[in-house]
$ cat run.cif   # mmCIF, C-alpha atoms
data_start
loop_
_atom_site.label_atom_id
_atom_site.label_comp_id
_atom_site.auth_asym_id
_atom_site.auth_seq_id
_atom_site.Cartn_x
_atom_site.Cartn_y
_atom_site.Cartn_z
CA MET A 23 0.00 0.00 0.00
CA LEU A 24 2.74 2.48 1.00
CA THR A 25 4.81 1.59 -2.05
CA ALA A 26 1.89 2.18 -4.41
CA LEU A 27 1.13 5.44 -2.65
CA ALA A 28 4.74 6.60 -2.99
CA TYR A 29 4.97 5.86 -6.70
CA THR A 30 1.57 7.41 -7.38
CA MET A 31 2.51 10.53 -5.47
CA ILE A 32 5.69 11.04 -7.50
CA LEU A 33 3.91 10.34 -10.79
CA VAL A 34 1.09 12.76 -9.95
CA PHE A 35 3.60 15.41 -8.92
CA MET A 36 5.61 15.04 -12.11
CA ALA A 37 2.47 15.04 -14.28
CA LEU A 38 1.10 18.19 -12.64
CA ILE A 39 4.24 20.26 -13.07
CA MET A 40 5.12 18.97 -16.54
CA THR A 41 1.60 19.66 -17.84
CA LYS A 42 1.63 23.01 -16.03
CA ARG A 43 -1.54 22.25 -14.08
CA LEU A 44 0.21 23.48 -10.93
CA SER A 45 3.34 25.50 -10.27
CA ALA A 46 6.26 23.57 -8.80
CA MET A 47 5.90 25.37 -5.45
CA VAL A 48 2.20 24.58 -5.08
CA ALA A 49 2.67 20.97 -6.18
CA LEU A 50 5.57 20.44 -3.78
CA ILE A 51 3.34 21.49 -0.90
CA LEU A 52 -0.11 20.16 -1.74
CA VAL A 53 0.61 16.84 -3.46
CA PRO A 54 2.54 15.20 -0.58
CA ILE A 55 -0.01 16.49 1.97
CA VAL A 56 -2.89 14.94 0.02
CA PHE A 57 -1.11 11.61 -0.30
CA GLY A 58 0.00 11.73 3.32
CA LEU A 59 -3.63 12.13 4.36
CA LEU A 60 -4.66 9.28 2.02
CA GLY A 61 -2.02 7.15 3.72
CA GLY A 62 -3.67 7.75 7.08
CA PHE A 63 -0.87 9.80 8.64
CA GLY A 64 -3.14 12.70 9.63
CA MET A 65 -1.73 14.81 12.44
CA GLU A 66 1.68 13.15 12.08
CA LEU A 67 2.26 15.17 8.93
CA GLY A 68 2.94 18.40 10.82
CA PRO A 69 6.17 17.31 12.51
CA MET A 70 7.26 15.54 9.31
CA MET A 71 6.84 18.71 7.26
CA PHE A 72 8.62 20.83 9.85
CA ASP A 73 11.54 18.40 9.92
CA GLY A 74 11.83 18.63 6.15
CA VAL A 75 11.72 22.42 6.21
CA LYS A 76 14.41 22.49 8.92
CA LYS A 77 16.68 20.27 6.82
CA LEU A 78 16.42 22.56 3.80
CA ALA A 79 16.40 25.86 5.72
CA PRO A 80 20.22 26.25 5.50
CA THR A 81 19.98 25.82 1.72
CA GLY A 82 17.26 28.48 1.58
CA VAL A 83 19.43 30.91 3.53
CA LEU A 84 22.41 30.15 1.28
CA LEU A 85 20.49 30.74 -1.93
CA MET A 86 18.85 33.89 -0.63
CA PHE A 87 22.12 35.64 0.17
CA ALA A 88 24.01 34.11 -2.76
CA ILE A 89 21.44 35.50 -5.20
CA LEU A 90 21.66 38.88 -3.46
CA TYR A 91 25.48 38.86 -3.56
CA PHE A 92 25.81 37.96 -7.23
CA GLY A 93 22.94 40.29 -8.06
CA VAL A 94 24.85 43.17 -6.50
CA MET A 95 28.00 42.12 -8.38
CA ILE A 96 26.07 42.09 -11.67
CA ASP A 97 24.63 45.53 -10.91
CA ALA A 98 28.12 46.82 -10.14
CA GLY A 99 29.41 45.45 -13.47
CA LEU A 100 31.86 42.86 -12.14
CA PHE A 101 31.09 40.40 -14.94
CA ASP A 102 31.05 42.93 -17.80
CA PRO A 103 34.72 42.27 -18.75
CA ILE A 104 34.02 38.51 -18.86
CA ILE A 105 30.98 39.03 -21.07
CA LYS A 106 32.94 41.32 -23.41
CA LEU A 107 35.75 38.77 -23.60
CA VAL A 108 33.26 36.02 -24.42
CA LEU A 109 31.66 38.23 -27.06
CA ARG A 110 34.99 38.74 -28.77
CA ALA A 111 35.70 35.00 -28.62
CA VAL A 112 32.33 33.72 -29.88
CA GLY A 113 31.33 36.51 -32.24
CA GLY A 114 27.71 36.19 -33.35
CA SER A 115 27.61 32.41 -33.36
CA PRO A 116 24.94 30.81 -31.14
CA THR A 117 26.83 27.52 -31.53
CA LYS A 118 30.00 28.99 -30.03
CA ILE A 119 27.99 30.67 -27.28
CA VAL A 120 26.29 27.40 -26.23
CA VAL A 121 29.54 25.40 -26.35
CA GLY A 122 31.28 28.19 -24.46
CA THR A 123 28.54 28.09 -21.84
CA PHE A 124 29.13 24.38 -21.24
CA LEU A 125 32.91 24.82 -20.98
CA LEU A 126 32.54 27.80 -18.64
CA ALA A 127 30.09 25.92 -16.40
CA ALA A 128 32.36 22.86 -16.33
CA GLY A 129 35.30 25.03 -15.31
CA VAL A 130 33.38 26.82 -12.58
CA SER A 131 32.05 23.46 -11.36
CA LEU A 132 35.55 22.50 -10.27
CA ASP A 133 34.70 23.93 -6.86
CA GLY A 134 32.05 21.22 -6.49
CA ASP A 135 29.24 23.62 -5.58
CA GLY A 136 26.27 23.60 -7.95
CA SER A 137 24.74 26.81 -6.67
CA THR A 138 27.93 28.78 -7.31
CA THR A 139 28.20 27.30 -10.80
CA TYR A 140 24.66 28.32 -11.66
CA MET A 141 25.02 31.86 -10.36
CA ILE A 142 28.33 32.56 -12.09
CA SER A 143 27.19 30.95 -15.35
CA CYS A 144 23.96 32.94 -15.31
CA ALA A 145 25.77 36.17 -14.54
CA ALA A 146 28.34 35.69 -17.30
CA MET A 147 26.29 34.11 -20.09
CA LEU A 148 22.56 34.61 -19.63
CA PRO A 149 22.60 38.25 -20.82
CA LEU A 150 23.90 36.98 -24.18
CA TYR A 151 21.06 34.47 -24.47
CA GLN A 152 18.46 37.07 -23.59
CA ARG A 153 19.86 39.68 -25.97
CA LEU A 154 20.31 37.32 -28.93
CA GLY A 155 17.12 35.32 -28.41
CA ILE A 156 18.85 31.98 -27.76
CA SER A 157 16.60 29.58 -25.85
CA ARG A 158 17.07 29.74 -22.09
CA LEU A 159 16.13 26.04 -21.95
CA VAL A 160 19.30 25.35 -23.93
CA PHE A 161 21.25 27.40 -21.40
CA ALA A 162 19.77 25.50 -18.44
CA CYS A 163 20.41 22.17 -20.17
CA VAL A 164 24.11 22.64 -20.92
CA VAL A 165 24.86 24.25 -17.54
CA MET A 166 23.17 21.38 -15.72
CA MET A 167 24.97 18.76 -17.80
CA ALA A 168 28.27 20.39 -16.86
CA GLY A 169 27.27 20.40 -13.19
CA GLN A 170 26.18 16.77 -13.26
CA LEU A 171 29.46 15.67 -14.83
CA MET A 172 31.66 17.59 -12.41
CA ASN A 173 29.55 16.51 -9.44
CA ILE A 174 31.53 13.25 -9.52
CA LEU A 175 34.68 15.03 -8.36
CA PRO A 176 35.85 13.77 -4.94
CA TRP A 177 34.75 16.97 -3.22
CA GLY A 178 31.43 17.14 -5.07
CA GLY A 179 29.50 14.93 -2.66
CA PRO A 180 28.28 11.67 -4.31
CA THR A 181 31.74 10.10 -4.61
CA ALA A 182 32.49 10.90 -0.97
CA ARG A 183 29.19 9.32 0.05
CA ALA A 184 29.91 6.16 -1.96
CA VAL A 185 33.40 5.89 -0.47
CA SER A 186 32.11 6.40 3.07
CA ALA A 187 29.18 4.02 2.70
CA LEU A 188 31.30 1.15 1.34
CA GLY A 189 34.52 1.77 3.30
CA VAL A 190 36.83 2.03 0.28
CA GLU A 191 39.64 4.42 -0.66
CA MET A 192 38.84 7.59 -2.61
CA ASN A 193 41.76 7.14 -5.02
CA ASP A 194 40.68 3.60 -5.85
CA VAL A 195 37.21 4.80 -6.76
CA PHE A 196 37.88 8.14 -8.46
CA VAL A 197 41.14 7.79 -10.42
CA PRO A 198 39.75 5.10 -12.80
CA MET A 199 36.71 7.36 -13.30
CA ILE A 200 38.77 10.18 -14.82
CA LEU A 201 38.87 8.79 -18.37
CA PRO A 202 35.12 7.95 -18.45
CA MET A 203 34.49 11.49 -17.20
CA VAL A 204 36.63 12.90 -20.02
CA ILE A 205 34.76 10.81 -22.60
CA THR A 206 31.41 11.87 -21.15
CA GLY A 207 32.61 15.48 -21.16
CA ILE A 208 33.43 15.20 -24.87
CA TRP A 209 29.93 13.84 -25.47
CA CYS A 210 28.39 16.71 -23.47
CA THR A 211 30.42 19.19 -25.52
CA LEU A 212 29.01 17.55 -28.65
CA VAL A 213 25.50 17.89 -27.20
CA ALA A 214 26.17 21.60 -26.64
CA PHE A 215 27.36 21.85 -30.26
CA ILE A 216 24.21 20.12 -31.53
CA LEU A 217 21.95 22.39 -29.48
CA GLY A 218 23.92 25.42 -30.62
CA GLN A 219 23.54 24.38 -34.24
CA ARG A 220 19.79 24.06 -33.72
CA GLU A 221 19.67 27.58 -32.35
CA SER A 222 21.79 28.85 -35.24
CA ARG A 223 19.32 27.42 -37.73
CA ARG A 224 16.38 28.82 -35.79
CA LEU A 225 17.81 32.31 -35.40
CA GLY A 226 19.78 32.64 -38.60
CA ASN A 227 22.90 34.77 -38.69
CA ILE A 228 23.10 37.23 -35.81
CA ASN A 229 23.81 40.77 -36.99
CA GLN A 230 27.55 41.27 -36.58
CA HIS A 231 27.00 44.98 -35.86
CA LEU A 232 25.85 43.91 -32.42
CA PHE A 233 29.45 43.10 -31.62
CA GLN A 234 31.12 46.18 -33.00
CA GLY A 235 30.98 49.34 -30.91
CA HIS A 236 27.40 50.23 -31.85
CA ASN A 237 24.51 48.67 -33.71
CA ALA A 238 23.66 49.70 -37.23
CA ASP A 239 20.99 52.04 -35.85
CA GLY A 240 23.43 53.72 -33.46
CA ASN A 241 22.25 51.98 -30.31
CA PRO A 242 24.80 50.73 -27.75
CA SER A 243 26.39 47.33 -28.45
CA ILE A 244 25.69 44.20 -26.47
CA ALA A 245 29.00 44.58 -24.65
CA GLU A 246 27.75 47.92 -23.32
CA VAL A 247 24.29 46.82 -22.25
CA THR A 248 24.88 43.44 -20.61
CA GLY A 249 25.88 45.06 -17.35
CA GLY A 250 22.39 46.44 -16.79
CA ASN A 251 21.68 49.96 -15.61
CA PRO A 252 24.77 52.18 -16.22
CA GLU A 253 23.84 54.24 -13.18
CA LEU A 254 24.39 51.19 -10.98
CA ALA A 255 27.74 50.22 -12.49
CA ARG A 256 30.82 50.76 -10.34
CA PRO A 257 33.78 50.45 -12.77
CA ARG A 258 36.15 52.11 -10.28
CA LEU A 259 35.41 49.35 -7.79
CA LEU A 260 35.97 46.52 -10.28
CA TRP A 261 39.17 45.23 -8.69
CA ILE A 262 37.80 45.55 -5.16
CA ASN A 263 34.71 43.56 -6.17
CA ALA A 264 36.89 41.02 -7.99
CA LEU A 265 39.10 40.54 -4.91
CA LEU A 266 36.04 40.23 -2.68
CA THR A 267 34.56 37.57 -4.97
CA LEU A 268 37.89 35.75 -5.29
CA GLY A 269 38.28 35.75 -1.51
CA LEU A 270 34.74 34.42 -1.16
CA MET A 271 35.51 31.58 -3.60
CA VAL A 272 38.76 30.70 -1.79
CA LEU A 273 37.04 30.57 1.59
CA LEU A 274 34.28 28.50 0.02
CA VAL A 275 36.75 25.93 -1.33
CA LEU A 276 38.70 25.87 1.95
CA ASP A 277 35.44 25.35 3.83
CA ALA A 278 36.62 27.98 6.31
CA LEU A 279 33.09 28.94 7.35
CA PRO A 280 29.61 27.62 6.61
CA LEU A 281 28.50 28.69 3.13
CA GLN A 282 25.47 30.44 4.55
CA VAL A 283 27.62 32.63 6.78
CA LEU A 284 30.09 33.36 3.98
CA PHE A 285 27.41 34.66 1.64
CA MET A 286 25.61 36.61 4.37
CA VAL A 287 28.80 38.44 5.30
CA ALA A 288 29.88 38.89 1.67
CA SER A 289 26.46 40.32 0.74
CA ALA A 290 26.65 42.86 3.55
CA ILE A 291 30.19 43.91 2.56
CA ALA A 292 29.23 44.14 -1.13
CA LEU A 293 26.29 46.40 -0.36
CA VAL A 294 28.33 48.70 1.88
CA ILE A 295 31.18 49.01 -0.64
CA ASN A 296 29.11 49.53 -3.79
CA TYR A 297 25.99 51.23 -2.47
CA PRO A 298 26.89 52.92 0.81
CA SER A 299 23.69 54.91 1.39
CA LEU A 300 20.73 53.33 3.17
CA GLU A 301 18.38 54.25 0.33
CA GLN A 302 20.62 52.58 -2.28
CA GLN A 303 20.88 49.41 -0.20
CA LYS A 304 17.11 49.23 0.22
CA GLU A 305 16.64 49.68 -3.53
CA ARG A 306 19.11 46.88 -4.36
CA ILE A 307 17.51 44.47 -1.87
CA GLU A 308 14.04 45.24 -3.21
CA ALA A 309 15.23 44.89 -6.80
CA HIS A 310 16.62 41.41 -6.20
CA ALA A 311 13.67 40.26 -4.10
CA ALA A 312 11.97 39.30 -7.37
CA ASN A 313 14.71 36.71 -7.93
CA VAL A 314 15.05 35.66 -4.29
CA VAL A 315 11.42 34.98 -3.34
CA PRO A 316 10.53 32.42 -6.08
CA VAL A 317 13.71 30.41 -5.50
CA VAL A 318 13.63 30.42 -1.70
CA SER A 319 9.91 29.65 -1.62
CA LEU A 320 10.59 26.59 -3.78
CA ILE A 321 13.29 25.44 -1.38
CA PHE A 322 10.97 25.56 1.61
CA ALA A 323 8.18 23.95 -0.41
CA ALA A 324 10.60 21.15 -1.30
CA GLY A 325 11.11 20.73 2.46
CA ILE A 326 7.44 19.74 2.75
CA PHE A 327 7.87 17.18 -0.02
CA VAL A 328 11.09 15.73 1.40
CA GLY A 329 9.76 15.70 4.95
CA ILE A 330 6.64 13.72 4.08
CA LEU A 331 8.51 11.40 1.70
CA SER A 332 10.98 10.54 4.47
CA GLY A 333 8.69 10.72 7.50
CA THR A 334 6.08 8.39 6.04
CA GLN A 335 8.90 6.01 5.00
CA MET A 336 7.79 6.21 1.38
CA VAL A 337 11.50 6.49 0.52
CA ASP A 338 12.17 3.12 2.14
CA ALA A 339 9.17 1.60 0.39
CA ILE A 340 10.44 2.73 -3.01
CA ALA A 341 13.93 1.39 -2.28
CA ASN A 342 12.71 -1.99 -1.10
CA SER A 343 10.38 -2.38 -4.07
CA VAL A 344 13.11 -1.71 -6.61
CA ILE A 345 15.56 -4.07 -4.92
CA ALA A 346 12.87 -6.78 -4.78
CA MET A 347 12.36 -6.39 -8.54
CA VAL A 348 15.95 -7.41 -9.30
CA PRO A 349 15.73 -11.10 -10.37
CA GLU A 350 18.31 -13.63 -9.21
CA TRP A 351 19.74 -14.16 -12.70
CA MET A 352 20.97 -10.55 -12.68
CA GLY A 353 23.29 -11.29 -9.76
CA PRO A 354 26.45 -11.72 -11.87
CA TYR A 355 25.73 -8.41 -13.56
CA MET A 356 25.38 -6.41 -10.34
CA ALA A 357 27.85 -3.72 -11.40
CA VAL A 358 25.75 -2.88 -14.44
CA VAL A 359 22.54 -3.31 -12.42
CA THR A 360 23.85 -0.86 -9.82
CA ALA A 361 24.74 1.66 -12.53
CA VAL A 362 21.29 1.40 -14.10
CA LEU A 363 19.46 1.51 -10.77
CA SER A 364 21.44 4.57 -9.69
CA ILE A 365 19.60 6.60 -12.34
CA PRO A 366 16.03 6.24 -11.02
CA PHE A 367 17.16 5.92 -7.40
CA THR A 368 19.08 9.20 -7.31
CA PHE A 369 16.19 10.85 -9.16
CA LEU A 370 13.38 9.59 -6.91
CA ILE A 371 15.19 9.76 -3.56
CA SER A 372 18.03 11.79 -2.09
CA ASN A 373 21.72 10.97 -2.55
CA ASP A 374 22.00 10.24 1.17
CA ALA A 375 19.15 7.73 1.06
CA PHE A 376 20.65 5.96 -1.94
CA TYR A 377 24.31 5.88 -0.96
CA PHE A 378 23.87 5.10 2.72
CA GLY A 379 20.67 3.07 2.59
CA ILE A 380 20.62 1.14 -0.68
CA LEU A 381 24.18 1.00 -2.03
CA PRO A 382 25.49 -1.20 0.85
CA ILE A 383 22.74 -3.75 0.08
CA LEU A 384 23.66 -3.79 -3.61
CA ALA A 385 27.35 -4.13 -2.70
CA LYS A 386 26.71 -7.13 -0.45
CA THR A 387 24.79 -8.85 -3.22
CA ALA A 388 27.56 -8.10 -5.73
CA ALA A 389 30.23 -9.50 -3.40
CA VAL A 390 28.64 -12.93 -3.70
CA TYR A 391 29.50 -12.83 -7.40
CA GLY A 392 33.06 -11.60 -6.93
CA ILE A 393 32.37 -7.93 -7.65
CA GLY A 394 34.23 -5.68 -5.21
CA HIS A 395 32.94 -2.70 -3.30
CA VAL A 396 35.21 -0.41 -5.33
CA GLU A 397 33.56 -1.42 -8.61
CA ILE A 398 30.09 -0.97 -7.12
CA ALA A 399 31.06 2.47 -5.80
CA ARG A 400 32.14 3.50 -9.31
CA ALA A 401 28.99 2.08 -10.89
CA SER A 402 26.80 4.02 -8.47
CA LEU A 403 28.11 7.33 -9.87
CA VAL A 404 26.50 6.85 -13.29
CA GLY A 405 23.15 8.10 -11.99
CA GLN A 406 24.65 11.50 -11.20
CA GLN A 407 24.27 12.39 -14.88
CA VAL A 408 20.52 12.61 -14.25
CA HIS A 409 20.38 13.33 -10.52
CA LEU A 410 20.23 17.14 -10.69
CA LEU A 411 16.93 16.95 -12.63
CA SER A 412 15.28 15.51 -9.54
CA PRO A 413 12.66 17.71 -7.83
CA LEU A 414 14.45 16.86 -4.57
CA VAL A 415 17.62 18.78 -5.53
CA ALA A 416 17.41 22.26 -4.05
CA SER A 417 20.03 23.94 -6.26
CA THR A 418 18.07 23.07 -9.41
CA TYR A 419 15.37 25.51 -8.37
CA LEU A 420 18.04 28.20 -8.31
CA LEU A 421 19.01 27.43 -11.90
CA VAL A 422 15.46 27.49 -13.26
CA GLY A 423 14.71 30.58 -11.21
CA LEU A 424 17.69 32.54 -12.52
CA ALA A 425 17.17 31.29 -16.08
CA LYS A 426 13.45 32.11 -15.81
CA VAL A 427 12.26 28.77 -17.18
CA GLU A 428 9.61 26.43 -15.83
CA PHE A 429 10.88 23.44 -13.87
CA GLY A 430 8.74 21.02 -15.89
CA ASP A 431 9.89 22.49 -19.20
CA HIS A 432 13.49 22.15 -18.08
CA GLN A 433 12.97 18.50 -17.15
CA ARG A 434 11.31 17.68 -20.47
CA PHE A 435 14.01 19.43 -22.48
CA THR A 436 17.04 18.11 -20.60
CA LEU A 437 16.06 14.58 -19.57
CA LEU A 438 16.92 12.72 -22.78
CA TRP A 439 20.24 14.55 -23.13
CA ALA A 440 21.09 13.76 -19.51
CA LEU A 441 20.19 10.10 -20.03
CA SER A 442 22.42 10.01 -23.10
CA ALA A 443 25.33 11.21 -20.96
CA ALA A 444 24.62 8.46 -18.43
CA VAL A 445 24.63 5.86 -21.22
CA VAL A 446 27.94 7.19 -22.60
CA MET A 447 29.49 7.07 -19.15
CA LEU A 448 28.27 3.51 -18.49
CA VAL A 449 29.45 2.21 -21.87
CA SER A 450 32.86 3.87 -21.50
CA MET A 451 33.25 2.37 -18.00
CA LEU A 452 32.51 -1.10 -19.36
CA VAL A 453 34.80 -0.74 -22.37
CA LEU A 454 37.66 0.60 -20.26
CA GLY A 455 37.19 -2.07 -17.59
CA VAL A 456 36.36 0.44 -14.86
CA ILE A 457 33.47 -1.83 -13.89
CA PRO A 458 33.03 -5.46 -14.95
CA LEU A 459 30.20 -6.63 -17.16
CA MET A 460 30.01 -9.89 -15.22
CA GLY A 461 31.30 -11.04 -11.85
CA SER A 462 34.15 -13.53 -11.67
CA ALA A 463 32.13 -15.99 -9.58
CA ALA A 464 29.34 -16.25 -12.16
#
$ encode --input "run.cif" --output "structure tokens"
Amino acid sequence: MLTALAYTMILVFMALIMTKRLSAMVALILVPIVFGLLGGFGMELGPMMFDGVKKLAPTGVLLMFAILYFGVMIDAGLFDPIIKLVLRAVGGSPTKIVVGTFLLAAGVSLDGDGSTTYMISCAAMLPLYQRLGISRLVFACVVMMAGQLMNILPWGGPTARAVSALGVEMNDVFVPMILPMVITGIWCTLVAFILGQRESRRLGNINQHLFQGHNADGNPSIAEVTGGNPELARPRLLWINALLTLGLMVLLVLDALPLQVLFMVASAIALVINYPSLEQQKERIEAHAANVVPVVSLIFAAGIFVGILSGTQMVDAIANSVIAMVPEWMGPYMAVVTAVLSIPFTFLISNDAFYFGILPILAKTAAVYGIGHVEIARASLVGQQVHLLSPLVASTYLLVGLAKVEFGDHQRFTLLWALSAAVVMLVSMLVLGVIPLMGSAA
């Protein structure tokens, strides 16, 4: 009964947001409550929901002040030189812009933090998409694919969870994954090229005058307008803002302070430096509230969804049902089975639930067939190529919020491309012997 309820709830949720019957925020709140009541949990739902909100509250605080910080930096013109440099490099080619977006996002993702990647990518590249009419769904797709690929880095989270859950060495798990990651990265670059070519055909040749001083009609060029309101720009403070941002990134990587605290302090400093008067600060906060409120409200709404999913033990029911569906004859192929199962598992439930709750069970089964914990840990990382599309991933709401696209539209557009990356990674792992096709004891 609980298993059926869990699957139905997720299907109803996905259907409602993908058909645009409900907004993601409303669906995240109302759908789990309705199914929780149908499951007979009644008054127990309150504490469950509050627990979920408490778990995601730090993420909400982080995103709130991170959006404010980078919003202030965009207003001040910090990213204008980057945008101008990109403009000179890509010219008027949508294909080059989309490929450049993927490469930029992959480079920024080296810090392992998805939220930072999204904010910097949006700040640097989204003005080009908006000005030239390139689809923002394409932007969200290639940025997310870059984030999903780089999420496998040892400091990204999933790999550390797999290593901890199975008691293996990080080097043994990650080093053999480098070449499959490179191959998958090449495929993702090709995907960006394909999407860019589509946009080129749709838009035709972009007027080259847009990239030369002024437009044909005498209006300012793109390089002059991407920074926003000229009255808000602070070109004299460029190096101070750059050093502040660099210091923030260094402290973030060093994990010197909680991310929430870092961005709260950095936001306060940025406002004081760039907009010292009280009236200016109030105006900047009010201006960015339009970006903050939708994203943060989604985070807290997701807390309701996560809280009920966990508190009612629907997560456990889903996990047990999938494991029970694995027939005995698949035992020798447990590395491949683990890789395949990691895709729906990390989409339907959290990384913590999968890596600490389910992966050890899969590893024990695989051991019977001579497949080591290290191989199972590697196989479990394949699902990360789709994981960030899950409605349970808080940072994804930041991306769709900043890109101003609907969550359901983003899922529909990106899902097949993300699955293709997972397939490429799995095939490359098998071909390179990173995981075995069949256990030695078969």
$ closest_residue --input "run.cif" --among "A:Ala416, A:Leu44, A:Leu448, A:Ile205" --to "Gly325 of chain A" --atoms "all atoms listed in the file"
A:Ala416
$ atom_distance --input "run.cif" --atom1 "atom CA of Val75 of chain A" --atom2 "atom CA of His432 of chain A"
24.4 Å
$ atom_distance --input "run.cif" --atom1 "atom CA of Glu305 of chain A" --atom2 "atom CA of Val287 of chain A"
18.8 Å
$ atom_distance --input "run.cif" --atom1 "atom CA of Ala444 of chain A" --atom2 "atom CA of Leu171 of chain A"
9.4 Å
$ residues_around --input "run.cif" --residues "Thr368 of chain A" --least-positions-apart "6" --cutoff "9 Å" --atoms "only C-alpha atoms" --output "MDAnalysis selection string"
chainID A and resid 375:377 405:406 408:410 412
$ residues_around --input "run.cif" --residues "segment 332-341 of chain A" --least-positions-apart "5" --cutoff "9 Å" --atoms "all atoms listed in the file" --output "list of chain:residue names"
A:Leu24, A:Thr25, A:Ala26, A:Leu27, A:Ala28, A:Tyr29, A:Gly58, A:Gly61, A:Phe63, A:Glu66, A:Leu67, A:Pro69, A:Met70, A:Met71, A:Asp73, A:Gly74, A:Phe327, A:Ala346, A:Phe367, A:Leu370, A:Ile371, A:Ser372, A:Ala375, A:Phe376, A:Gly379, A:Ile380
$ closest_residue --input "run.cif" --among "A:Ile32, A:Ala440, A:Met447, A:Val415" --to "Val204 of chain A" --atoms "only C-alpha atoms"
A:Met447
$ resolve_selection --input "run.cif" --expression "the PyMOL selection byres ((chain A and resi 286) around 9)" --output "count of residues only"
16
$ closest_residue --input "run.cif" --among "A:Val213, A:Met271, A:Gly423, A:Arg400" --to "Met192 of chain A" --atoms "all atoms listed in the file"
A:Arg400
$ resolve_selection --input "run.cif" --expression "the PyMOL selection byres ((chain A and resi 384-399) around 9)" --output "ChimeraX atom specification"
/A:181,184-185,187-191,194-195,345,353-361,377,380-383,400-403,456-458,460-464
$ closest_residue --input "run.cif" --among "A:Phe101, A:Pro116, A:Arg158, A:Arg43" --to "Ile142 of chain A" --atoms "all atoms listed in the file"
A:Phe101
$ closest_residue --input "run.cif" --among "A:Arg110, A:Arg224, A:Arg434, A:Arg306" --to "Thr41 of chain A" --atoms "only C-alpha atoms"
A:Arg434
$ closest_residue --input "run.cif" --among "A:Leu90, A:Leu274, A:Val164, A:Ala425" --to "Gln152 of chain A" --atoms "all atoms listed in the file"
A:Ala425
$ residues_around --input "run.cif" --residues "Asp97 of chain A" --least-positions-apart "2" --cutoff "10 Å" --atoms "all atoms listed in the file" --output "ChimeraX atom specification"
/A:91-95,99-102,248-256,296,306
$ write_last_selection --input "run.cif" --atoms "C-alpha atoms" --output "PDB file, keeping the file's coordinate frame"
ATOM      1  CA  TYR A  91      25.480  38.860  -3.560  1.00  0.00           C
ATOM      2  CA  PHE A  92      25.810  37.960  -7.230  1.00  0.00           C
ATOM      3  CA  GLY A  93      22.940  40.290  -8.060  1.00  0.00           C
ATOM      4  CA  VAL A  94      24.850  43.170  -6.500  1.00  0.00           C
ATOM      5  CA  MET A  95      28.000  42.120  -8.380  1.00  0.00           C
ATOM      6  CA  GLY A  99      29.410  45.450 -13.470  1.00  0.00           C
ATOM      7  CA  LEU A 100      31.860  42.860 -12.140  1.00  0.00           C
ATOM      8  CA  PHE A 101      31.090  40.400 -14.940  1.00  0.00           C
ATOM      9  CA  ASP A 102      31.050  42.930 -17.800  1.00  0.00           C
ATOM     10  CA  THR A 248      24.880  43.440 -20.610  1.00  0.00           C
ATOM     11  CA  GLY A 249      25.880  45.060 -17.350  1.00  0.00           C
ATOM     12  CA  GLY A 250      22.390  46.440 -16.790  1.00  0.00           C
ATOM     13  CA  ASN A 251      21.680  49.960 -15.610  1.00  0.00           C
ATOM     14  CA  PRO A 252      24.770  52.180 -16.220  1.00  0.00           C
ATOM     15  CA  GLU A 253      23.840  54.240 -13.180  1.00  0.00           C
ATOM     16  CA  LEU A 254      24.390  51.190 -10.980  1.00  0.00           C
ATOM     17  CA  ALA A 255      27.740  50.220 -12.490  1.00  0.00           C
ATOM     18  CA  ARG A 256      30.820  50.760 -10.340  1.00  0.00           C
ATOM     19  CA  ASN A 296      29.110  49.530  -3.790  1.00  0.00           C
ATOM     20  CA  ARG A 306      19.110  46.880  -4.360  1.00  0.00           C
TER      21      ARG A 306
END
$ resolve_selection --input "run.cif" --expression "the PyMOL selection byres ((chain A and resi 155) around 12)" --output "number ranges by chain"
A: 114-116, 119, 148-154, 156-161, 221-222, 224-228
$ residues_around --input "run.cif" --residues "Val315 of chain A" --least-positions-apart "2" --cutoff "12 Å" --atoms "all atoms listed in the file" --output "mmCIF file with C-alpha atoms, in the frame of the given file"
data_model
loop_
_atom_site.group_PDB
_atom_site.id
_atom_site.type_symbol
_atom_site.label_atom_id
_atom_site.label_comp_id
_atom_site.auth_asym_id
_atom_site.auth_seq_id
_atom_site.Cartn_x
_atom_site.Cartn_y
_atom_site.Cartn_z
ATOM 1 C CA MET A 47 5.900 25.370 -5.450
ATOM 2 C CA GLY A 82 17.260 28.480 1.580
ATOM 3 C CA VAL A 83 19.430 30.910 3.530
ATOM 4 C CA LEU A 85 20.490 30.740 -1.930
ATOM 5 C CA MET A 86 18.850 33.890 -0.630
ATOM 6 C CA PHE A 87 22.120 35.640 0.170
ATOM 7 C CA ILE A 89 21.440 35.500 -5.200
ATOM 8 C CA LEU A 90 21.660 38.880 -3.460
ATOM 9 C CA ILE A 307 17.510 44.470 -1.870
ATOM 10 C CA GLU A 308 14.040 45.240 -3.210
ATOM 11 C CA ALA A 309 15.230 44.890 -6.800
ATOM 12 C CA HIS A 310 16.620 41.410 -6.200
ATOM 13 C CA ALA A 311 13.670 40.260 -4.100
ATOM 14 C CA ALA A 312 11.970 39.300 -7.370
ATOM 15 C CA ASN A 313 14.710 36.710 -7.930
ATOM 16 C CA VAL A 317 13.710 30.410 -5.500
ATOM 17 C CA VAL A 318 13.630 30.420 -1.700
ATOM 18 C CA SER A 319 9.910 29.650 -1.620
ATOM 19 C CA LEU A 320 10.590 26.590 -3.780
ATOM 20 C CA ILE A 321 13.290 25.440 -1.380
ATOM 21 C CA PHE A 322 10.970 25.560 1.610
ATOM 22 C CA ALA A 323 8.180 23.950 -0.410
ATOM 23 C CA TYR A 419 15.370 25.510 -8.370
ATOM 24 C CA LEU A 420 18.040 28.200 -8.310
ATOM 25 C CA GLY A 423 14.710 30.580 -11.210
ATOM 26 C CA LEU A 424 17.690 32.540 -12.520
#
